[in-house]
Structures are given as structure tokens and as C-alpha cells.
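For reference, target29.cif (mmCIF, C-alpha atoms):
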data_input
#
loop_
_atom_site.label_atom_id
_atom_site.label_comp_id
_atom_site.auth_asym_id
_atom_site.auth_seq_id
_atom_site.Cartn_x
_atom_site.Cartn_y
_atom_site.Cartn_z
CA MET A 4 79.32 99.69 94.44
CA ILE A 5 82.78 99.63 92.95
CA GLU A 6 83.97 96.32 91.61
CA VAL A 7 87.66 95.43 91.71
CA THR A 8 88.49 94.30 88.18
CA THR A 9 91.63 93.01 86.49
CA ASP A 10 92.64 96.54 85.46
CA TRP A 11 93.19 97.57 89.07
CA TYR A 12 95.68 94.80 89.64
CA LEU A 13 97.45 95.57 86.38
CA THR A 14 97.67 99.25 87.34
CA LEU A 15 99.15 98.29 90.71
CA ALA A 16 101.72 96.11 88.94
CA ALA A 17 102.59 98.95 86.54
CA LEU A 18 103.06 101.39 89.43
CA LEU A 19 105.23 98.90 91.30
CA PHE A 20 107.36 98.31 88.21
CA SER A 21 107.77 102.06 87.64
CA ILE A 22 108.85 102.65 91.24
CA GLY A 23 111.38 99.85 90.93
CA PHE A 24 112.68 101.25 87.65
CA ILE A 25 113.07 104.78 89.04
CA GLY A 26 114.90 103.40 92.07
CA MET A 27 117.19 101.38 89.81
CA MET A 28 118.02 104.59 87.91
CA VAL A 29 118.59 107.00 90.80
CA ARG A 30 120.21 104.95 93.57
CA ARG A 31 123.92 104.24 93.54
CA ASN A 32 124.20 101.63 96.26
CA ALA A 33 124.43 98.22 94.59
CA LEU A 34 122.39 96.57 97.35
CA ILE A 35 119.49 98.98 96.95
CA MET A 36 119.63 98.55 93.17
CA PHE A 37 119.19 94.82 93.82
CA MET A 38 116.12 95.53 95.93
CA CYS A 39 114.69 97.59 93.09
CA ILE A 40 115.21 94.66 90.73
CA GLU A 41 113.25 92.55 93.21
CA LEU A 42 110.46 95.14 93.08
CA MET A 43 110.32 94.89 89.29
CA LEU A 44 110.31 91.07 89.37
CA ASN A 45 107.46 91.15 91.87
CA ALA A 46 105.49 93.47 89.63
CA VAL A 47 105.86 90.88 86.85
CA ASN A 48 104.73 88.13 89.24
CA LEU A 49 101.64 90.16 90.12
CA THR A 50 100.85 90.51 86.42
CA PHE A 51 101.22 86.75 85.93
CA ILE A 52 98.87 85.93 88.78
CA THR A 53 96.34 88.52 87.64
CA ALA A 54 96.41 86.88 84.20
CA SER A 55 95.96 83.47 85.85
CA LYS A 56 92.78 84.73 87.52
CA HIS A 57 91.57 86.57 84.43
CA PHE A 58 91.94 83.65 82.03
CA GLY A 59 91.20 80.88 84.52
CA THR A 60 94.38 78.89 83.85
CA ILE A 61 97.01 77.62 86.26
CA ASP A 62 100.03 77.90 83.91
CA ALA A 63 100.72 81.51 84.88
CA GLN A 64 101.11 80.50 88.51
CA VAL A 65 103.65 77.86 87.47
CA ALA A 66 105.54 80.58 85.57
CA VAL A 67 105.63 82.62 88.79
CA PHE A 68 107.60 79.80 90.38
CA PHE A 69 110.21 79.99 87.65
CA VAL A 70 110.49 83.76 88.13
CA LEU A 71 110.91 83.14 91.86
CA VAL A 72 113.72 80.66 91.30
CA VAL A 73 115.51 82.94 88.85
CA ALA A 74 115.20 85.84 91.32
CA ALA A 75 116.61 83.70 94.13
CA ALA A 76 119.56 82.56 91.98
CA GLU A 77 120.19 86.14 90.87
CA VAL A 78 120.20 87.38 94.47
CA VAL A 79 122.62 84.66 95.57
CA VAL A 80 125.15 85.34 92.81
CA GLY A 81 124.72 89.13 92.95
CA LEU A 82 125.24 89.35 96.69
CA ALA A 83 128.28 87.09 96.44
CA ILE A 84 129.72 89.46 93.82
CA ILE A 85 128.96 92.50 96.02
CA VAL A 86 130.66 90.88 99.01
CA SER A 87 133.75 89.89 97.03
CA ILE A 88 134.02 93.40 95.53
CA PHE A 89 133.53 94.94 98.96
CA LYS A 90 136.44 92.91 100.29
CA LYS A 91 138.72 94.62 97.77
CA GLN A 92 137.26 98.11 97.38
CA GLU A 93 135.48 98.83 100.68
CA THR A 94 132.46 100.24 98.85
CA ALA A 95 129.17 99.11 97.38
CA SER A 96 128.66 102.19 95.24
CA VAL A 97 128.39 101.32 91.56
CA ASP A 98 129.96 104.57 90.33
CA ILE A 99 133.26 104.10 92.13
CA LEU A 100 133.64 100.50 90.97
CA ARG A 101 136.18 100.56 88.19
CA SER A 102 137.26 96.96 88.57
CA SER A 103 134.50 95.61 86.34
CA LYS A 104 135.97 97.51 83.41
CA GLY A 105 138.38 94.64 82.80
CA MET B 4 82.77 96.45 99.34
CA LEU B 5 84.83 93.75 100.99
CA ASP B 6 86.60 93.22 97.67
CA LEU B 7 87.57 96.87 97.56
CA ILE B 8 88.92 96.89 101.12
CA LEU B 9 90.83 93.66 100.56
CA PHE B 10 92.43 95.18 97.48
CA ALA B 11 92.98 98.79 98.56
CA ILE B 12 94.68 98.27 101.94
CA PRO B 13 97.34 95.76 100.76
CA ALA B 14 97.84 97.83 97.59
CA LEU B 15 98.54 100.93 99.67
CA PHE B 16 101.04 98.97 101.76
CA VAL B 17 102.68 97.60 98.60
CA LEU B 18 103.24 101.09 97.22
CA ALA B 19 104.30 102.52 100.59
CA GLY B 20 106.89 99.76 101.00
CA ALA B 21 108.16 100.31 97.47
CA LEU B 22 108.56 104.03 98.14
CA ILE B 23 110.45 103.25 101.36
CA VAL B 24 112.77 101.01 99.31
CA ILE B 25 113.79 103.81 96.97
CA PHE B 26 113.76 106.77 99.39
CA ALA B 27 115.13 105.56 102.74
CA LYS B 28 118.77 106.38 103.49
CA ASN B 29 119.56 103.51 105.84
CA PRO B 30 119.88 100.14 104.02
CA VAL B 31 118.13 98.35 106.91
CA HIS B 32 115.08 100.59 106.43
CA ASN B 33 115.19 99.85 102.70
CA SER B 34 115.09 96.12 103.31
CA MET B 35 112.26 96.49 105.84
CA GLY B 36 110.30 98.42 103.22
CA LEU B 37 110.90 95.54 100.82
CA VAL B 38 109.57 93.10 103.45
CA LEU B 39 106.42 95.26 103.75
CA THR B 40 105.96 95.20 99.97
CA LEU B 41 106.49 91.44 99.67
CA ALA B 42 104.19 90.55 102.58
CA SER B 43 101.42 92.82 101.28
CA LEU B 44 101.83 91.30 97.82
CA ALA B 45 101.23 87.89 99.39
CA VAL B 46 97.87 89.21 100.67
CA VAL B 47 97.03 90.45 97.17
CA TYR B 48 97.91 86.99 95.81
CA ILE B 49 95.47 85.41 98.26
CA THR B 50 92.68 87.69 97.05
CA LEU B 51 93.56 86.50 93.53
CA ASN B 52 92.99 82.85 94.59
CA ALA B 53 96.71 82.01 94.40
CA THR B 54 97.11 80.70 97.95
CA PHE B 55 100.08 78.41 97.37
CA VAL B 56 102.04 81.10 95.54
CA ALA B 57 101.29 83.48 98.42
CA MET B 58 102.74 81.01 100.92
CA VAL B 59 105.83 80.45 98.77
CA GLN B 60 106.18 84.23 98.46
CA MET B 61 106.21 84.58 102.23
CA LEU B 62 108.68 81.73 102.73
CA VAL B 63 111.12 82.37 99.89
CA TYR B 64 111.01 86.14 99.46
CA ALA B 65 110.03 87.60 102.83
CA GLY B 66 111.93 84.83 104.60
CA ALA B 67 115.00 83.57 102.76
CA VAL B 68 115.85 86.36 100.32
CA MET B 69 115.38 89.11 102.89
CA THR B 70 117.51 87.25 105.43
CA LEU B 71 120.23 87.09 102.79
CA PHE B 72 119.91 90.83 102.13
CA LEU B 73 120.07 91.71 105.83
CA PHE B 74 123.05 89.38 106.26
CA VAL B 75 125.00 91.17 103.53
CA ILE B 76 123.95 94.61 104.86
CA MET B 77 125.31 93.69 108.29
CA MET B 78 128.46 92.30 106.68
CA ILE B 79 129.38 95.38 104.65
CA GLY B 80 128.23 97.88 107.29
CA VAL B 81 125.19 100.13 107.56
CA ASP B 82 126.90 103.30 108.70
CA LYS B 83 128.50 104.20 105.38
CA ALA B 84 126.85 107.24 103.80
CA GLU B 85 125.81 106.79 100.19
CA GLN B 86 128.07 108.59 97.77
CA THR B 87 126.12 111.53 96.37
CA LYS B 88 128.71 113.21 94.16
CA GLU B 89 128.02 112.71 90.48
CA GLU B 90 130.71 110.45 89.04
CA ILE B 91 129.19 109.93 85.61
CA LYS B 92 128.80 113.20 83.76
CA GLY B 93 125.23 114.27 83.03
CA GLN B 94 123.67 111.25 84.71
CA THR B 95 120.85 113.32 86.20
CA PHE B 96 119.88 114.66 82.79
CA LEU B 97 120.04 111.21 81.21
CA VAL B 98 117.79 109.73 83.91
CA LEU B 99 115.36 112.64 83.71
CA GLY B 100 115.27 112.39 79.93
CA THR B 101 114.57 108.66 80.05
CA LEU B 102 111.82 109.10 82.62
CA ILE B 103 110.16 111.90 80.65
CA LEU B 104 110.36 109.79 77.49
CA LEU B 105 108.78 106.79 79.22
CA GLY B 106 106.14 108.96 80.91
CA SER B 107 105.12 110.60 77.66
CA LEU B 108 104.99 107.21 75.92
CA LEU B 109 102.68 105.91 78.65
CA THR B 110 100.52 109.04 78.48
CA TYR B 111 100.28 108.67 74.70
CA VAL B 112 99.14 105.05 75.02
CA VAL B 113 96.54 105.93 77.66
CA ILE B 114 95.17 108.92 75.72
CA ASN B 115 95.26 107.05 72.42
CA SER B 116 93.12 104.26 73.87
CA GLY B 117 90.45 106.87 74.71
CA PHE B 118 90.54 106.08 78.44
CA LYS B 119 88.82 102.77 77.74
CA TRP B 120 90.17 100.20 80.12
CA ASP B 121 88.39 97.21 78.60
CA LEU B 122 90.74 94.31 78.08
CA TRP B 123 90.62 92.38 74.83
CA PHE B 124 89.42 89.20 76.44
CA PRO B 125 86.67 89.23 79.07
CA ALA B 126 87.37 87.57 82.39
CA VAL B 127 86.25 83.97 82.75
CA GLU B 128 83.17 83.26 84.83
CA TYR B 129 84.58 80.41 86.92
CA SER B 130 87.49 80.82 89.31
CA ILE B 131 90.31 78.37 89.94
CA GLU B 132 92.03 77.93 93.27
CA GLY B 133 95.84 77.73 93.09
CA THR B 134 96.18 74.73 95.39
CA PRO B 135 99.41 72.70 95.67
CA ASN B 136 97.60 69.76 94.00
CA LEU B 137 96.66 71.72 90.91
CA ILE B 138 100.04 73.48 90.61
CA ALA B 139 102.00 70.25 91.07
CA SER B 140 99.92 68.39 88.50
CA THR B 141 100.66 71.14 85.97
CA LEU B 142 104.31 71.58 86.93
CA PHE B 143 105.17 67.88 86.69
CA THR B 144 103.31 67.19 83.46
CA GLY B 145 103.51 70.08 81.02
CA TRP B 146 106.41 71.96 82.56
CA VAL B 147 108.85 69.14 83.33
CA PHE B 148 111.58 70.31 80.96
CA PRO B 149 111.69 73.92 82.25
CA PHE B 150 111.64 72.47 85.75
CA GLU B 151 114.78 70.41 85.06
CA VAL B 152 116.51 73.38 83.43
CA ILE B 153 115.72 75.57 86.44
CA SER B 154 117.18 72.94 88.78
CA ILE B 155 120.45 73.07 86.80
CA LEU B 156 120.35 76.87 87.10
CA LEU B 157 120.02 76.60 90.87
CA ILE B 158 122.97 74.23 91.14
CA VAL B 159 125.11 76.53 88.96
CA ALA B 160 124.11 79.56 91.05
CA ALA B 161 124.97 77.82 94.33
CA THR B 162 128.33 76.67 92.96
CA ALA B 163 129.09 80.16 91.63
CA ALA B 164 128.26 81.75 94.98
CA ILE B 165 130.62 79.37 96.78
CA ALA B 166 133.36 79.97 94.21
CA LEU B 167 132.98 83.76 94.54
CA ALA B 168 132.88 83.86 98.31
CA TYR B 169 135.58 81.26 98.90
CA ASP B 170 138.78 82.95 100.02
CA THR B 171 141.47 80.84 98.36
CA LYS B 172 144.47 82.84 99.61
CA THR B 173 143.94 82.20 103.31
CA VAL B 174 143.42 78.51 102.69
CA ARG B 175 146.71 78.24 100.79
CA LYS B 176 148.47 80.05 103.62
CA ASP B 177 147.07 77.50 106.05
CA ASP B 178 148.34 74.68 103.85
CA ASP B 179 151.87 76.13 103.86
CA ASP B 180 151.90 76.24 107.67
#

If you took the structure in this file and wrote it as C-alpha cells, what would it be?
Amino acid sequence: MIEVTTDWYLTLAALLFSIGFIGMMVRRNALIMFMCIELMLNAVNLTFITASKHFGTIDAQVAVFFVLVVAAAEVVVGLAIIVSIFKKQETASVDILRSSKG
Amino acid sequence: MLDLILFAIPALFVLAGALIVIFAKNPVHNSMGLVLTLASLAVVYITLNATFVAMVQMLVYAGAVMTLFLFVIMMIGVDKAEQTKEEIKGQTFLVLGTLILLGSLLTYVVINSGFKWDLWFPAVEYSIEGTPNLIASTLFTGWVFPFEVISILLIVAATAAIALAYDTKTVRKDDDD
């Protein structure tokens, strides 16, 4: 009989965060980099909720809501930036973008 | 046994979706992989007694955020091949070096702890259910100030998105006519 303990959830969160980090490093499409950021944020959310279960408090689940809101705001602004850059440069690849150099 | 099944199957889907996100070539496939990850994570949240957060995850992430992603993918075109030529010199080596450094750090921590996975604090005996009642009573008592700050953040983000996407030139042209 194997019991699913807190460690399993934390390991899953660590794996998810690592995958997101690797994707962030190796992909060059700005949209896919955004998705990888979402993966990392979700790994953090999973950690929060695991802690909420482990310690028996509700505060961690409230913190998850704040992470959710920040992620939503980040996606809205980031996608707007990608669209406005795409209008000028016809690409979403982060290497070619020189316009952010100022 | 049921615990194990309820954890293992969604966890497998979470990791599979995450791998699709970083390996698929077509951006639509990437976003579908992200949907798989987010929906499976909602199942994991339910097994962790966080039912309300799971529902919000489905609505906000798998619903709204993914719709936004797909909308932008359709807008900027899916048929463009990703640029594979290395523009930044030695990027591959830098990434590899960073990954090896992080991997060895993680291995050191795991080995140094003697493969003991005990957490410092034992888990509590009772379990709480993350119902809307309980979350709201915490959010609107102890977390009121962060809540107000986050509402300002949302307004700023919405305004910024409009300002970025608003095409001022065409409007001025219309005014001249």
C-alpha cells in the first residue's frame, strides 16, 4: 500500500517548474515563452495548494488567487506587446527583435 | 490505492502536457498541451481539497487565458516556421551550462539530505475543504489590503493593453477626412 504524501505533490511541482524553465530557455517564439511562464506559475500554485493541505490553513489558497490575477494581468499586457511588435516587425521571435534595445 | 490512481493519472497528464508545450512545433499544439496541463492540474487541486481553486483554474486559465492565447496565435499566423538559426553567439552553451549547474545543485541537495524526504513539519491530522465560504471569509478579512492592490493592478493592466493595442494613426486619419 503506497500512500500519496506531500512529497509527491512537491516533486510534481518541481518537475513542472523545471520543464517550464527549460522551455523558457530553449524556445525563441515569444508566445511559447509566455506559455512556459504560465507553466512555472502553475507549478508555484501547486506548491501553495500542497502547503495549504499540509499545514491545514486556507491562506495559501488565497495566495493562489493573487498569483492567478497577476498571471492574467501579465498575459494581457504581454500579448498586447507581442501584437503591437508583430504589427511592425512581422515576427514573434525574440532574437530578431531589436526594437526593445531603445 | 484510489489515492495513488487519483494522483498518478492527472500527474502523468500534467507532465505530458508540459512536454507538449515545450516540444511541439505548431503553436496551436503548444496551447492545446497547455490546456491539458491546466485541466489536469485542476483535478490534482480537487484531490488536495481545493475545490473552489480548481473551478477558478478551469474558468480563468483553461477558459479565458487560453482563449486569449489562441486568439493571438490566429492573429499573428500559425504557418510561420520558428527561426532556428542562432542569433546570439554561444546561446546553446550558455543554456547547457546553466542547466548543468542547476541540475548538479539539485543533485547535491538531494544527496546531501541523505535521500530522506521527511518534511520539517508533519502534516496536520484534520483536513480543510477550500469552499467559497471559507476562502471569501479569509480574503475579505485578513487579505483586504492585497485584494485592493490587486484590483488596481488589474485596472492598470487593462488600460495598458488598450493603450498598446489602440491604433492611433488610423483614427487620426479618419478625423482628418

Residue hits in chain A, query chain B, radius 8 Å, all atoms listed in the file, as a ChimeraX atom specification: /A:4-7,10,15,18-19,22-23,25-26,28-32,34-35,38-39,42,45,49,52-53,56-62,64-65,67-69,72-73,75-80,82-84,86-87,89,96,98-99

Would you save the residues of that selection, restricted to C-alpha atoms, as a PDB file, in the frame of the given file?
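The resulting file, out_21.pdb, is shown below:
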ATOM      1  CA  MET A   4      79.320  99.690  94.440  1.00  0.00           C
ATOM      2  CA  ILE A   5      82.780  99.630  92.950  1.00  0.00           C
ATOM      3  CA  GLU A   6      83.970  96.320  91.610  1.00  0.00           C
ATOM      4  CA  VAL A   7      87.660  95.430  91.710  1.00  0.00           C
ATOM      5  CA  ASP A  10      92.640  96.540  85.460  1.00  0.00           C
ATOM      6  CA  LEU A  15      99.150  98.290  90.710  1.00  0.00           C
ATOM      7  CA  LEU A  18     103.060 101.390  89.430  1.00  0.00           C
ATOM      8  CA  LEU A  19     105.230  98.900  91.300  1.00  0.00           C
ATOM      9  CA  ILE A  22     108.850 102.650  91.240  1.00  0.00           C
ATOM     10  CA  GLY A  23     111.380  99.850  90.930  1.00  0.00           C
ATOM     11  CA  ILE A  25     113.070 104.780  89.040  1.00  0.00           C
ATOM     12  CA  GLY A  26     114.900 103.400  92.070  1.00  0.00           C
ATOM     13  CA  MET A  28     118.020 104.590  87.910  1.00  0.00           C
ATOM     14  CA  VAL A  29     118.590 107.000  90.800  1.00  0.00           C
ATOM     15  CA  ARG A  30     120.210 104.950  93.570  1.00  0.00           C
ATOM     16  CA  ARG A  31     123.920 104.240  93.540  1.00  0.00           C
ATOM     17  CA  ASN A  32     124.200 101.630  96.260  1.00  0.00           C
ATOM     18  CA  LEU A  34     122.390  96.570  97.350  1.00  0.00           C
ATOM     19  CA  ILE A  35     119.490  98.980  96.950  1.00  0.00           C
ATOM     20  CA  MET A  38     116.120  95.530  95.930  1.00  0.00           C
ATOM     21  CA  CYS A  39     114.690  97.590  93.090  1.00  0.00           C
ATOM     22  CA  LEU A  42     110.460  95.140  93.080  1.00  0.00           C
ATOM     23  CA  ASN A  45     107.460  91.150  91.870  1.00  0.00           C
ATOM     24  CA  LEU A  49     101.640  90.160  90.120  1.00  0.00           C
ATOM     25  CA  ILE A  52      98.870  85.930  88.780  1.00  0.00           C
ATOM     26  CA  THR A  53      96.340  88.520  87.640  1.00  0.00           C
ATOM     27  CA  LYS A  56      92.780  84.730  87.520  1.00  0.00           C
ATOM     28  CA  HIS A  57      91.570  86.570  84.430  1.00  0.00           C
ATOM     29  CA  PHE A  58      91.940  83.650  82.030  1.00  0.00           C
ATOM     30  CA  GLY A  59      91.200  80.880  84.520  1.00  0.00           C
ATOM     31  CA  THR A  60      94.380  78.890  83.850  1.00  0.00           C
ATOM     32  CA  ILE A  61      97.010  77.620  86.260  1.00  0.00           C
ATOM     33  CA  ASP A  62     100.030  77.900  83.910  1.00  0.00           C
ATOM     34  CA  GLN A  64     101.110  80.500  88.510  1.00  0.00           C
ATOM     35  CA  VAL A  65     103.650  77.860  87.470  1.00  0.00           C
ATOM     36  CA  VAL A  67     105.630  82.620  88.790  1.00  0.00           C
ATOM     37  CA  PHE A  68     107.600  79.800  90.380  1.00  0.00           C
ATOM     38  CA  PHE A  69     110.210  79.990  87.650  1.00  0.00           C
ATOM     39  CA  VAL A  72     113.720  80.660  91.300  1.00  0.00           C
ATOM     40  CA  VAL A  73     115.510  82.940  88.850  1.00  0.00           C
ATOM     41  CA  ALA A  75     116.610  83.700  94.130  1.00  0.00           C
ATOM     42  CA  ALA A  76     119.560  82.560  91.980  1.00  0.00           C
ATOM     43  CA  GLU A  77     120.190  86.140  90.870  1.00  0.00           C
ATOM     44  CA  VAL A  78     120.200  87.380  94.470  1.00  0.00           C
ATOM     45  CA  VAL A  79     122.620  84.660  95.570  1.00  0.00           C
ATOM     46  CA  VAL A  80     125.150  85.340  92.810  1.00  0.00           C
ATOM     47  CA  LEU A  82     125.240  89.350  96.690  1.00  0.00           C
ATOM     48  CA  ALA A  83     128.280  87.090  96.440  1.00  0.00           C
ATOM     49  CA  ILE A  84     129.720  89.460  93.820  1.00  0.00           C
ATOM     50  CA  VAL A  86     130.660  90.880  99.010  1.00  0.00           C
ATOM     51  CA  SER A  87     133.750  89.890  97.030  1.00  0.00           C
ATOM     52  CA  PHE A  89     133.530  94.940  98.960  1.00  0.00           C
ATOM     53  CA  SER A  96     128.660 102.190  95.240  1.00  0.00           C
ATOM     54  CA  ASP A  98     129.960 104.570  90.330  1.00  0.00           C
ATOM     55  CA  ILE A  99     133.260 104.100  92.130  1.00  0.00           C
TER      56      ILE A  99
END

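Interatomic distance, atom CA of Phe20 of chain A against atom CA of His32 of chain B: 19.9 Å.
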
Nearest to Ala74 of chain A by atom-to-atom distance, counting all atoms listed in the file, from A:Ile88, A:Asn48, A:Glu93, A:Ser55: A:Asn48

Point-to-point distance in Å for atom CA of Ile40 of chain A and atom CA of Met27 of chain A: 7.1 Å

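Our summary of the geometry notes that atom CA of Gly81 of chain A is positioned 8.0 Å from atom CA of Phe37 of chain A.
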
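For the set B:Ser116, B:Ala19, B:Ala42, B:Ile49, the residue with the smallest atom-to-atom gap to Leu62 of chain B is B:Ala42, counting only C-alpha atoms.
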
Distance criterion (only C-alpha atoms): nearest to Val97 of chain A out of A:Ala17, A:Met43, A:Ala33, A:Ile85: A:Ala33
